[in-house]
Every structure is written in C-alpha cells, then in structure tokens.
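Undergrad: Just dropping this structure here.
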Amino acid sequence: MGYDVVIVGASLAGCSAAIHYGRAGLRVALIERSRSMDAFKGMCGHFVLGGTRPALERLGLWDAMVARGAAVSDIALWSGSGWIQPTADVPPAISLRRRHLDPMLRQMAASTPGVDLHLGHTVTGLLQAGNSLTGVVARHEEGVRSIEASLVVAADGHRSPVAELAGVEAKIGDNARFLYWGYYSGVRLRSPASAAVWNVDPHVAVAIPTDDGLHLLGVFATKDRLDDFADDKLTAVETFFAELPDGPDLSGAERASKAVGTSDYPMVRRKVNPRPGLALIGDAATTSDPVPAVGCGWAFRSAEWLAESTIPALRGEESLRTGLKRYARSFRFIVGHDRLIRSEARGREANPIQRALRTAARHDEVVASRLGNFAMRAIPVSGLLNPAVIGRALVVARRGDRSQGFVTVGMRQQAERH
C-alpha cells in the first residue's frame, strides 16, 4: 500500500504531524521503533511554553492535557536583585510529564482516520528515485518491509537515523552547561508566579509545577560546577536551590524521583528540507539548549507548519517543492531563536543589553511584556531585540522607577493595592 506521507518517529512531532495530515484526509504511515504504546522519553522535558498554546488548541491537546492534570503556569524570572513578574498579555505555559503526554498523543494519532501506526519498526534504509526520497525500508519482527510515500518526514530525534541515511549534514553546537533535575512533592515557591526561573549568571535554576502535585527542580550550571554533582546529584540540586535568592521552601518537600540529566547536551541543527521528498521536524531539525525549554514547543509547531505547508501539494494542488519551501520559510522563526540560544549556551554572564532589558523589565510594563512574550516564544527575536525596545530599556534602566512617561510595574501594583 502506498501512502501520502511516511513519518518516522511517533513522539511529539511525529504524532502531531500524523494527526494534521490524517485530518486533511491523507494516508499516513507512522513508524515507531518501540513496540509499546506507552513508551515515552524520560530524558526529555515537558514544559511547553505559552507561544505554543494556539498550536496545542488546534491539535485538540491543550484541554486533554488539562483534563489529565497538567499544570498551567505563569513564570517569574529572578534576575539581578529582584523578580520580573509576568504581565497579563503573556500566555501561560503548560506541563504534563512525558509518561502521560507521549501515550496520550500517540493514542490520538493512532485513532485518527487515515493514520496507520506501525510499532516495533526500525528504519534501516531509504527508497529513492534519483535524488528524491520515495519511502523507507523498515525492519520488524516479521521481517523487512518497504513503505512507499510521496513525502518522508524525519521526526526521529536529535540523532535522526533518517537524516544520517539521507546524508544530511548536522551542525553541532557546544553547550557550556550541564543539567540535572528531580521531581519533588511539597515544594512551596516564594516567587510571585506559579513557576520560577533564576538567572544567577552564568547559572540557571528552574522550579516548574507539573501534574500530580509535583514540581520539577532543575539546575543548569556551567561545567566548572560538575564536580559538585559527581556523587549525590539530587543533594547537589537541593544545595544549589538552598543558596538561591528568594528560593523555594523545601522544608516539607520530599523526593519523588531519581536524578535525571546529563553532563553534556549538544545542540544540533539541520536543514529542514535537505532533499526532494524529505522534511525534518522536531529534534531531528533543531535540538536546542534545554535552558529556555523550547524543545516541546518546536516539535508541535514545526509539525503543524510542515503539514499546513505540504497538504496542498500532497492533494495534487501544487508541487511538493513549493510546499517544502513554504515550510522552510515558516521554520525561520525557530532558526532565529536558535541562533540566539546557541550564543547564550556558551555560559557567559549577561551582556549590557541583556542586563538593561532585565533591569527595565522589573520597572516598565512594556519591556516586561516584550521580555515575557519572548521567553514564551510568542514573538520572534525581532520583537524584543529591536531599536525601540532596547532604547526604551536603556532609558528605564538608567532612570529607574520614575522614568518620565512610563507606567512601571511597581507603580501599577502600588495603585492596585490602594
């Protein structure tokens, strides 16, 4: 049987793309090497930033996540000497652990008309006609099968066997930080929002609520601190949090997991339409530094962009080349953010512009709004790093709360209290 699309990898990106294509009336083969519907990625995060909320709602996943107990949260950022509080226009994030999210999404994909989920299949080769891909070869317990399709989609993670088989170059970026986290019950935050991030340059710490009343406490420190985490990693996490300004109250907290993390997390970027008949989404296309928590959002959004861009071609309304070029243009949003993320992953202290933005955001609602929407990846890089916003931030940072003509966060809160 021939398909319109064959998608390799049934995790967040792959399942999302399969749902979009299936709903459009296309025939989809969804290939997954695990044999279990309940498989999930334990090393991957699950904090989906607010800029992805519209995509989740269109997918029908936001309400399903909330019904399963996902935590919806706003975020406060500690930077310098105080908290940057979220403004009303910043969309909330959502968090549901992958042990729940992955099976839920996989079941949604499998139940979508037109989608055939093939569990226990490992892609070992590609079908080609000249330079164009026309399908995949997959090994399974009953032998080997060829699956033909008009479009091959690699959604198979940062190592991406499909990309390797296709000879796609990967641009690897070094990460100066490591990461370790654990889940805890009984955490009490002292931050002015339900989730908190501490920028204690050059290190970062996060306290994120998730399902079942748990909090993820994570440390993203530069590698010169690795020795501190060599033995008991969770004790090191707890010690790190105990030293944070306005850190959470852990006096009643209990560990609910083992330590999760790695001493090295490389960043990977590949061209999203490297060959005719091939497209990359999710981590196969871009694996960013985990500090800004963009991975899940990039998976959902790239899957939607690809489907929207190529459905007309797969229906015979235009060429596939045209659709893939449209997808590449949409993906520039991610590329812009990833370039900045790679720079910040070097683990350096904040530069003067970053310091000005953070200082101004504690006082000025306009700057706070732009910084918050940027952090939630609801706006492009240019929405924050432009002359108007930077100029405003520099003025506010110099003048403080009483900058002429600006309504400050502090002044607004004082007025509300009275």
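Residue numbering restarts at 1 for every chain of the structure tokens, chains are lettered A, B, ... in their displayed order, and ligands are numbered from 1 as they appear.
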Contacts of range 248-251 of chain A at 7 Å or less, counting only C-alpha atoms, minus same-chain residues fewer than 6 places along, as a list in words?

TA: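 Close residues of range 248-251 of chain A: Val187, Arg188, Leu189 and Arg190 of chain A.
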
Undergrad: Which residues of range 245-336 of chain A sit at most 8 Å from range 171-186 of chain A, using only C-alpha atoms? Give each one's shortest atom pair and distance in Å (one decimal place), in chain and ascending residue order, as JSON lines.

TA:
```
{"residue": "A:Leu250", "atom": "CA", "partner": "A:Gly186", "partner_atom": "CA", "distance": 7.3}
{"residue": "A:Gly252", "atom": "CA", "partner": "A:Gly186", "partner_atom": "CA", "distance": 5.5}
{"residue": "A:Ala253", "atom": "CA", "partner": "A:Gly186", "partner_atom": "CA", "distance": 4.2}
{"residue": "A:Glu254", "atom": "CA", "partner": "A:Ser185", "partner_atom": "CA", "distance": 5.3}
{"residue": "A:Arg255", "atom": "CA", "partner": "A:Tyr184", "partner_atom": "CA", "distance": 4.6}
{"residue": "A:Ala256", "atom": "CA", "partner": "A:Tyr184", "partner_atom": "CA", "distance": 5.0}
{"residue": "A:Ser257", "atom": "CA", "partner": "A:Tyr183", "partner_atom": "CA", "distance": 5.4}
{"residue": "A:Lys258", "atom": "CA", "partner": "A:Gly182", "partner_atom": "CA", "distance": 6.3}
{"residue": "A:Ala259", "atom": "CA", "partner": "A:Gly182", "partner_atom": "CA", "distance": 5.0}
{"residue": "A:Val260", "atom": "CA", "partner": "A:Trp181", "partner_atom": "CA", "distance": 5.3}
{"residue": "A:Gly261", "atom": "CA", "partner": "A:Tyr180", "partner_atom": "CA", "distance": 4.3}
{"residue": "A:Thr262", "atom": "CA", "partner": "A:Leu179", "partner_atom": "CA", "distance": 5.7}
{"residue": "A:Ser263", "atom": "CA", "partner": "A:Phe178", "partner_atom": "CA", "distance": 4.7}
{"residue": "A:Asp264", "atom": "CA", "partner": "A:Phe178", "partner_atom": "CA", "distance": 5.5}
{"residue": "A:Tyr265", "atom": "CA", "partner": "A:Asn175", "partner_atom": "CA", "distance": 6.3}
{"residue": "A:Pro266", "atom": "CA", "partner": "A:Asp174", "partner_atom": "CA", "distance": 5.5}
{"residue": "A:Met267", "atom": "CA", "partner": "A:Gly173", "partner_atom": "CA", "distance": 4.8}
{"residue": "A:Val268", "atom": "CA", "partner": "A:Ile172", "partner_atom": "CA", "distance": 4.8}
{"residue": "A:Arg269", "atom": "CA", "partner": "A:Lys171", "partner_atom": "CA", "distance": 5.2}
{"residue": "A:Arg270", "atom": "CA", "partner": "A:Lys171", "partner_atom": "CA", "distance": 6.4}
{"residue": "A:Asp289", "atom": "CA", "partner": "A:Asn175", "partner_atom": "CA", "distance": 7.1}
```

Undergrad: Can you write just those residues out, N, CA, C and O atoms, as a short mmCIF file (atom, residue, chain, number, x, y, z; two decimals), in the first residue's frame?

TA:
```
data_model
loop_
_atom_site.label_atom_id
_atom_site.label_comp_id
_atom_site.auth_asym_id
_atom_site.auth_seq_id
_atom_site.Cartn_x
_atom_site.Cartn_y
_atom_site.Cartn_z
N LEU A 250 11.82 24.27 50.83
CA LEU A 250 11.89 22.81 50.66
C LEU A 250 11.80 22.08 51.99
O LEU A 250 12.06 20.88 52.05
N GLY A 252 9.33 21.09 53.69
CA GLY A 252 8.35 20.00 53.68
C GLY A 252 8.38 19.18 52.41
O GLY A 252 7.46 18.39 52.16
N ALA A 253 9.41 19.37 51.60
CA ALA A 253 9.48 18.69 50.30
C ALA A 253 10.03 17.27 50.44
O ALA A 253 10.84 16.99 51.32
N GLU A 254 9.58 16.40 49.56
CA GLU A 254 10.07 15.03 49.51
C GLU A 254 10.43 14.67 48.07
O GLU A 254 9.73 15.06 47.13
N ARG A 255 11.50 13.93 47.92
CA ARG A 255 11.89 13.47 46.59
C ARG A 255 10.86 12.50 46.04
O ARG A 255 10.39 11.61 46.75
N ALA A 256 10.54 12.68 44.75
CA ALA A 256 9.58 11.79 44.10
C ALA A 256 10.17 11.11 42.87
O ALA A 256 9.45 10.50 42.09
N SER A 257 11.49 11.20 42.71
CA SER A 257 12.15 10.58 41.56
C SER A 257 13.63 10.46 41.84
O SER A 257 14.15 11.03 42.81
N LYS A 258 14.30 9.75 40.97
CA LYS A 258 15.76 9.77 40.94
C LYS A 258 16.20 11.00 40.14
O LYS A 258 15.38 11.69 39.53
N ALA A 259 17.48 11.26 40.16
CA ALA A 259 18.02 12.38 39.37
C ALA A 259 17.93 12.06 37.89
O ALA A 259 18.14 10.92 37.45
N VAL A 260 17.60 13.07 37.11
CA VAL A 260 17.53 12.97 35.65
C VAL A 260 18.45 14.03 35.08
O VAL A 260 18.52 15.14 35.60
N GLY A 261 19.17 13.70 34.02
CA GLY A 261 20.01 14.71 33.39
C GLY A 261 21.23 14.14 32.72
O GLY A 261 21.37 12.92 32.55
N THR A 262 22.13 15.02 32.35
CA THR A 262 23.33 14.62 31.63
C THR A 262 24.40 15.69 31.82
O THR A 262 24.09 16.86 32.04
N SER A 263 25.64 15.26 31.72
CA SER A 263 26.75 16.21 31.84
C SER A 263 27.03 16.94 30.54
O SER A 263 27.79 17.90 30.52
N ASP A 264 26.42 16.50 29.45
CA ASP A 264 26.65 17.16 28.17
C ASP A 264 25.39 17.06 27.32
O ASP A 264 24.81 15.98 27.17
N TYR A 265 24.96 18.18 26.78
CA TYR A 265 23.76 18.23 25.95
C TYR A 265 24.06 19.04 24.70
O TYR A 265 23.86 20.26 24.67
N PRO A 266 24.58 18.39 23.66
CA PRO A 266 24.94 19.12 22.45
C PRO A 266 23.71 19.65 21.72
O PRO A 266 22.61 19.11 21.84
N MET A 267 23.90 20.72 20.98
CA MET A 267 22.83 21.31 20.17
C MET A 267 23.03 20.93 18.72
O MET A 267 24.15 20.94 18.22
N VAL A 268 21.94 20.58 18.05
CA VAL A 268 22.01 20.08 16.67
C VAL A 268 21.05 20.88 15.80
O VAL A 268 19.91 21.14 16.20
N ARG A 269 21.52 21.24 14.63
CA ARG A 269 20.63 21.90 13.67
C ARG A 269 20.88 21.32 12.28
O ARG A 269 22.02 21.13 11.88
N ARG A 270 19.79 21.02 11.57
CA ARG A 270 19.88 20.51 10.21
C ARG A 270 18.94 21.30 9.31
O ARG A 270 17.96 21.87 9.78
N ASP A 289 19.49 24.13 23.22
CA ASP A 289 19.85 24.10 24.63
C ASP A 289 18.58 23.96 25.46
O ASP A 289 17.59 24.66 25.22
#
```

Undergrad: Please produce, as JSON lines, a per-residue contact table for range 231-320 of chain A versus range 9-25 of chain A (criterion: any atom at most 12 Å away, only C-alpha atoms considered), showing the nearest atom pair and its distance in Å to one decimal, sorted by chain then residue number.

TA:
```
{"residue": "A:Ala279", "atom": "CA", "partner": "A:Ala17", "partner_atom": "CA", "distance": 11.4}
{"residue": "A:Leu280", "atom": "CA", "partner": "A:Ala13", "partner_atom": "CA", "distance": 9.7}
{"residue": "A:Ile281", "atom": "CA", "partner": "A:Ala13", "partner_atom": "CA", "distance": 6.5}
{"residue": "A:Gly282", "atom": "CA", "partner": "A:Ala13", "partner_atom": "CA", "distance": 5.3}
{"residue": "A:Asp283", "atom": "CA", "partner": "A:Ala13", "partner_atom": "CA", "distance": 8.3}
{"residue": "A:Ala284", "atom": "CA", "partner": "A:Ala13", "partner_atom": "CA", "distance": 9.5}
{"residue": "A:Ala285", "atom": "CA", "partner": "A:Ala13", "partner_atom": "CA", "distance": 10.5}
{"residue": "A:Thr286", "atom": "CA", "partner": "A:Ala13", "partner_atom": "CA", "distance": 11.7}
{"residue": "A:Gly295", "atom": "CA", "partner": "A:Leu12", "partner_atom": "CA", "distance": 9.9}
{"residue": "A:Cys296", "atom": "CA", "partner": "A:Leu12", "partner_atom": "CA", "distance": 7.2}
{"residue": "A:Gly297", "atom": "CA", "partner": "A:Ala13", "partner_atom": "CA", "distance": 9.3}
{"residue": "A:Trp298", "atom": "CA", "partner": "A:Ala13", "partner_atom": "CA", "distance": 8.3}
{"residue": "A:Ala299", "atom": "CA", "partner": "A:Ala13", "partner_atom": "CA", "distance": 4.5}
{"residue": "A:Phe300", "atom": "CA", "partner": "A:Ala13", "partner_atom": "CA", "distance": 5.5}
{"residue": "A:Arg301", "atom": "CA", "partner": "A:Ala13", "partner_atom": "CA", "distance": 8.2}
{"residue": "A:Ser302", "atom": "CA", "partner": "A:Ala13", "partner_atom": "CA", "distance": 7.3}
{"residue": "A:Ala303", "atom": "CA", "partner": "A:Ala17", "partner_atom": "CA", "distance": 4.7}
{"residue": "A:Glu304", "atom": "CA", "partner": "A:Ala17", "partner_atom": "CA", "distance": 6.2}
{"residue": "A:Trp305", "atom": "CA", "partner": "A:Ala17", "partner_atom": "CA", "distance": 8.9}
{"residue": "A:Leu306", "atom": "CA", "partner": "A:Ala17", "partner_atom": "CA", "distance": 7.5}
{"residue": "A:Ala307", "atom": "CA", "partner": "A:Tyr21", "partner_atom": "CA", "distance": 6.1}
{"residue": "A:Glu308", "atom": "CA", "partner": "A:His20", "partner_atom": "CA", "distance": 8.1}
{"residue": "A:Ser309", "atom": "CA", "partner": "A:Tyr21", "partner_atom": "CA", "distance": 10.8}
{"residue": "A:Thr310", "atom": "CA", "partner": "A:Tyr21", "partner_atom": "CA", "distance": 9.2}
{"residue": "A:Ile311", "atom": "CA", "partner": "A:Tyr21", "partner_atom": "CA", "distance": 7.1}
{"residue": "A:Pro312", "atom": "CA", "partner": "A:Ala24", "partner_atom": "CA", "distance": 9.6}
{"residue": "A:Ala313", "atom": "CA", "partner": "A:Tyr21", "partner_atom": "CA", "distance": 11.8}
{"residue": "A:Leu314", "atom": "CA", "partner": "A:Tyr21", "partner_atom": "CA", "distance": 9.5}
{"residue": "A:Arg315", "atom": "CA", "partner": "A:Gly25", "partner_atom": "CA", "distance": 9.0}
```

Undergrad: Applying 7 Å and only C-alpha atoms, which residues near Ala193 in chain A remain after dropping the ones on its own chain fewer than 6 positions away? List them as a PDB file with all heavy atoms, in the first residue's frame.

TA:
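selection27.pdb written:
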```
ATOM      1  N   ASP A  74       2.147  30.629  34.975  1.00  0.00           N
ATOM      2  CA  ASP A  74       2.906  31.778  34.531  1.00  0.00           C
ATOM      3  C   ASP A  74       4.286  31.699  35.173  1.00  0.00           C
ATOM      4  O   ASP A  74       4.516  30.890  36.073  1.00  0.00           O
ATOM      5  CB  ASP A  74       2.198  33.087  34.875  1.00  0.00           C
ATOM      6  CG  ASP A  74       1.803  33.171  36.349  1.00  0.00           C
ATOM      7  OD1 ASP A  74       2.125  32.241  37.118  1.00  0.00           O
ATOM      8  OD2 ASP A  74       1.177  34.175  36.736  1.00  0.00           O
ATOM      9  N   ILE A  75       5.208  32.520  34.702  1.00  0.00           N
ATOM     10  CA  ILE A  75       6.603  32.394  35.137  1.00  0.00           C
ATOM     11  C   ILE A  75       7.126  33.738  35.621  1.00  0.00           C
ATOM     12  O   ILE A  75       6.944  34.760  34.960  1.00  0.00           O
ATOM     13  CB  ILE A  75       7.499  31.898  33.981  1.00  0.00           C
ATOM     14  CG1 ILE A  75       6.977  30.575  33.413  1.00  0.00           C
ATOM     15  CG2 ILE A  75       8.940  31.717  34.451  1.00  0.00           C
ATOM     16  CD1 ILE A  75       7.757  30.086  32.207  1.00  0.00           C
ATOM     17  N   ALA A  76       7.782  33.710  36.761  1.00  0.00           N
ATOM     18  CA  ALA A  76       8.529  34.865  37.249  1.00  0.00           C
ATOM     19  C   ALA A  76      10.011  34.583  37.080  1.00  0.00           C
ATOM     20  O   ALA A  76      10.467  33.451  37.281  1.00  0.00           O
ATOM     21  CB  ALA A  76       8.197  35.140  38.714  1.00  0.00           C
TER      22      ALA A  76
END
```

Undergrad: To test your reading of the structure, identify every residue in range 216-297 of chain A that backbone DSSP assigns to helix (DSSP H, G or I), and report it as number ranges by chain.

TA: A: 223-229, 233-242, 282-284, 295-297

Undergrad: What does the distance from CA of Asp338 in chain A to CA of Val48 in chain A come to in Å, to one decimal?

TA: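 Interatomic distance, CA of Asp338 in chain A to CA of Val48 in chain A: 16.2 Å.
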
Undergrad: Please report the interatomic distance between CA of Leu214 in chain A and CA of Ala195 in chain A in Å with one decimal.

TA: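 Atom-to-atom, CA of Leu214 in chain A to CA of Ala195 in chain A, that is 11.9 Å.
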
Undergrad: List the neighbours of Arg348 in chain A out to 10 Å using only C-alpha atoms; skip same-chain residues closer than 4 positions along the sequence, and give me the result as JSON, numbers by chain.

TA: {"A": [176, 201, 202, 203, 222, 343, 344]}

Undergrad: CA of Met108 in chain A to CA of Arg326 in chain A: how many Å, to one decimal?

TA: 26.7 Å

Undergrad: Skip range 386-388 of chain A itself and residues of its chain fewer than 5 positions away, then list as a list of chain:residue names all residues within 12 Å of it, counting only C-alpha atoms.

TA: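 So the residues in contact are A:Ile353, A:Leu357, A:Val366, A:Val367, A:Arg370, A:Leu371, A:Pro380, A:Val381, A:Ala393, A:Leu394, A:Val395.
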
Undergrad: Can you pull out the residues contacting range 85-100 of chain A? Cut-off 6 Å, using only C-alpha atoms, and skip same-chain residues under 5 positions away; I want them as a PyMOL selection string.

TA: chain A and resi 40+46-50+70-74+76+210-211+369+372-373

Undergrad: Hey, can you spit out that residue selection with C-alpha atoms as a JSON list (two decimals), in the first residue's frame?

TA:
```json
[["chain", "number", "residue", "atom", "x", "y", "z"],
["A", 40, "PHE", "CA", 7.99, 7.89, 26.50],
["A", 46, "HIS", "CA", 7.74, 18.54, 29.21],
["A", 47, "PHE", "CA", 7.37, 22.27, 29.83],
["A", 48, "VAL", "CA", 5.53, 23.68, 26.80],
["A", 49, "LEU", "CA", 5.92, 27.44, 26.52],
["A", 50, "GLY", "CA", 2.93, 29.71, 26.07],
["A", 70, "ALA", "CA", -1.34, 19.24, 33.56],
["A", 71, "ALA", "CA", -0.19, 22.33, 35.43],
["A", 72, "VAL", "CA", -0.87, 25.65, 33.69],
["A", 73, "SER", "CA", 1.51, 28.31, 34.95],
["A", 74, "ASP", "CA", 2.91, 31.78, 34.53],
["A", 76, "ALA", "CA", 8.53, 34.87, 37.25],
["A", 210, "THR", "CA", 3.65, 19.70, 36.80],
["A", 211, "ASP", "CA", 0.98, 17.04, 37.18],
["A", 369, "SER", "CA", 5.65, 42.37, 28.26],
["A", 372, "GLY", "CA", 7.83, 37.75, 28.80],
["A", 373, "ASN", "CA", 6.39, 37.09, 25.35]]
```

Undergrad: Would you return as a PyMOL selection string the members of range 34-177 of chain A that DSSP assigns to strand (DSSP E) on this structure's backbone?

TA: chain A and resi 47-48+71-73+75-79+82-84+93-95+115-119+122-129+132-140+143-154+171-173+177

Undergrad: Quick one: write out the picked residues with C-alpha atoms as a PDB file, in the first residue's frame?

TA:
```
ATOM      1  CA  PHE A  47       7.370  22.272  29.832  1.00  0.00           C
ATOM      2  CA  VAL A  48       5.531  23.681  26.802  1.00  0.00           C
ATOM      3  CA  ALA A  71      -0.189  22.333  35.427  1.00  0.00           C
ATOM      4  CA  VAL A  72      -0.866  25.649  33.689  1.00  0.00           C
ATOM      5  CA  SER A  73       1.505  28.315  34.952  1.00  0.00           C
ATOM      6  CA  ILE A  75       6.603  32.394  35.137  1.00  0.00           C
ATOM      7  CA  ALA A  76       8.529  34.865  37.249  1.00  0.00           C
ATOM      8  CA  LEU A  77      12.195  35.476  36.491  1.00  0.00           C
ATOM      9  CA  TRP A  78      14.744  36.351  39.161  1.00  0.00           C
ATOM     10  CA  SER A  79      17.495  38.455  37.695  1.00  0.00           C
ATOM     11  CA  GLY A  82      14.562  41.147  42.092  1.00  0.00           C
ATOM     12  CA  TRP A  83      11.711  39.409  40.321  1.00  0.00           C
ATOM     13  CA  ILE A  84      10.479  40.166  36.823  1.00  0.00           C
ATOM     14  CA  ALA A  93       2.852  27.579  29.828  1.00  0.00           C
ATOM     15  CA  ILE A  94       1.658  24.028  30.419  1.00  0.00           C
ATOM     16  CA  SER A  95       3.421  20.987  31.857  1.00  0.00           C
ATOM     17  CA  VAL A 115      -3.178   7.121  10.113  1.00  0.00           C
ATOM     18  CA  ASP A 116      -1.600   3.661  10.356  1.00  0.00           C
ATOM     19  CA  LEU A 117       0.682   3.322  13.387  1.00  0.00           C
ATOM     20  CA  HIS A 118       3.430   0.731  12.891  1.00  0.00           C
ATOM     21  CA  LEU A 119       5.008  -0.097  16.259  1.00  0.00           C
ATOM     22  CA  THR A 122      13.150   0.318  12.800  1.00  0.00           C
ATOM     23  CA  VAL A 123      14.069   2.196   9.634  1.00  0.00           C
ATOM     24  CA  THR A 124      17.151   0.651   8.042  1.00  0.00           C
ATOM     25  CA  GLY A 125      17.106   2.208   4.577  1.00  0.00           C
ATOM     26  CA  LEU A 126      15.515   4.718   2.253  1.00  0.00           C
ATOM     27  CA  LEU A 127      13.717   4.282  -1.054  1.00  0.00           C
ATOM     28  CA  GLN A 128      14.912   6.653  -3.747  1.00  0.00           C
ATOM     29  CA  ALA A 129      14.243   7.724  -7.299  1.00  0.00           C
ATOM     30  CA  SER A 132      14.276  12.155  -4.386  1.00  0.00           C
ATOM     31  CA  LEU A 133      13.126  10.018  -1.464  1.00  0.00           C
ATOM     32  CA  THR A 134      10.111   7.852  -2.148  1.00  0.00           C
ATOM     33  CA  GLY A 135       9.786   5.894   1.097  1.00  0.00           C
ATOM     34  CA  VAL A 136      11.611   3.897   3.747  1.00  0.00           C
ATOM     35  CA  VAL A 137      12.729   0.345   4.436  1.00  0.00           C
ATOM     36  CA  ALA A 138      11.832  -0.846   7.926  1.00  0.00           C
ATOM     37  CA  ARG A 139      12.779  -3.938   9.895  1.00  0.00           C
ATOM     38  CA  HIS A 140      10.233  -5.528  12.243  1.00  0.00           C
ATOM     39  CA  GLY A 143      10.951  -9.321   8.530  1.00  0.00           C
ATOM     40  CA  VAL A 144      11.613  -6.283   6.364  1.00  0.00           C
ATOM     41  CA  ARG A 145       9.096  -4.134   4.530  1.00  0.00           C
ATOM     42  CA  SER A 146       9.238  -1.239   2.095  1.00  0.00           C
ATOM     43  CA  ILE A 147       6.836   1.634   2.715  1.00  0.00           C
ATOM     44  CA  GLU A 148       6.365   3.994  -0.211  1.00  0.00           C
ATOM     45  CA  ALA A 149       5.169   7.574   0.177  1.00  0.00           C
ATOM     46  CA  SER A 150       5.205  10.913  -1.598  1.00  0.00           C
ATOM     47  CA  LEU A 151       6.857  12.564   1.413  1.00  0.00           C
ATOM     48  CA  VAL A 152       9.241  11.164   4.049  1.00  0.00           C
ATOM     49  CA  VAL A 153       9.224  13.018   7.374  1.00  0.00           C
ATOM     50  CA  ALA A 154      12.072  12.567   9.858  1.00  0.00           C
ATOM     51  CA  LYS A 171      25.676  21.490  12.620  1.00  0.00           C
ATOM     52  CA  ILE A 172      26.700  20.714  16.197  1.00  0.00           C
ATOM     53  CA  GLY A 173      26.941  23.451  18.806  1.00  0.00           C
ATOM     54  CA  ARG A 177      26.207  23.907  30.754  1.00  0.00           C
TER      55      ARG A 177
END
```

Undergrad: Which is closest to Ser111 in chain A among A:Val28, A:Ala375, A:Ala293, A:Met43, if we use only C-alpha atoms?

TA: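 Closest to Ser111 in chain A, using only C-alpha atoms: A:Val28.
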
Undergrad: Which is closer to Ala378 in chain A than all the others in A:Glu57, A:Val8, A:Gly114, A:Phe333, using only C-alpha atoms?

TA: A:Phe333

Undergrad: Check the smallest atom-to-atom distance from each of A:Gly120, A:Gly60, A:Pro113, A:Gly80 to Arg27 in chain A using only C-alpha atoms, then report the winner.

TA: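 Among A:Gly120, A:Gly60, A:Pro113, A:Gly80, it is A:Pro113 that comes nearest to Arg27 in chain A.
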
Undergrad: Name the closest residue to Ala39 in chain A among the candidates A:Val197, A:Leu105, A:Leu217, A:Leu320; distances are taken between atoms, counting only C-alpha atoms.

TA: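 Of all the options, A:Leu105 lies closest to Ala39 in chain A.
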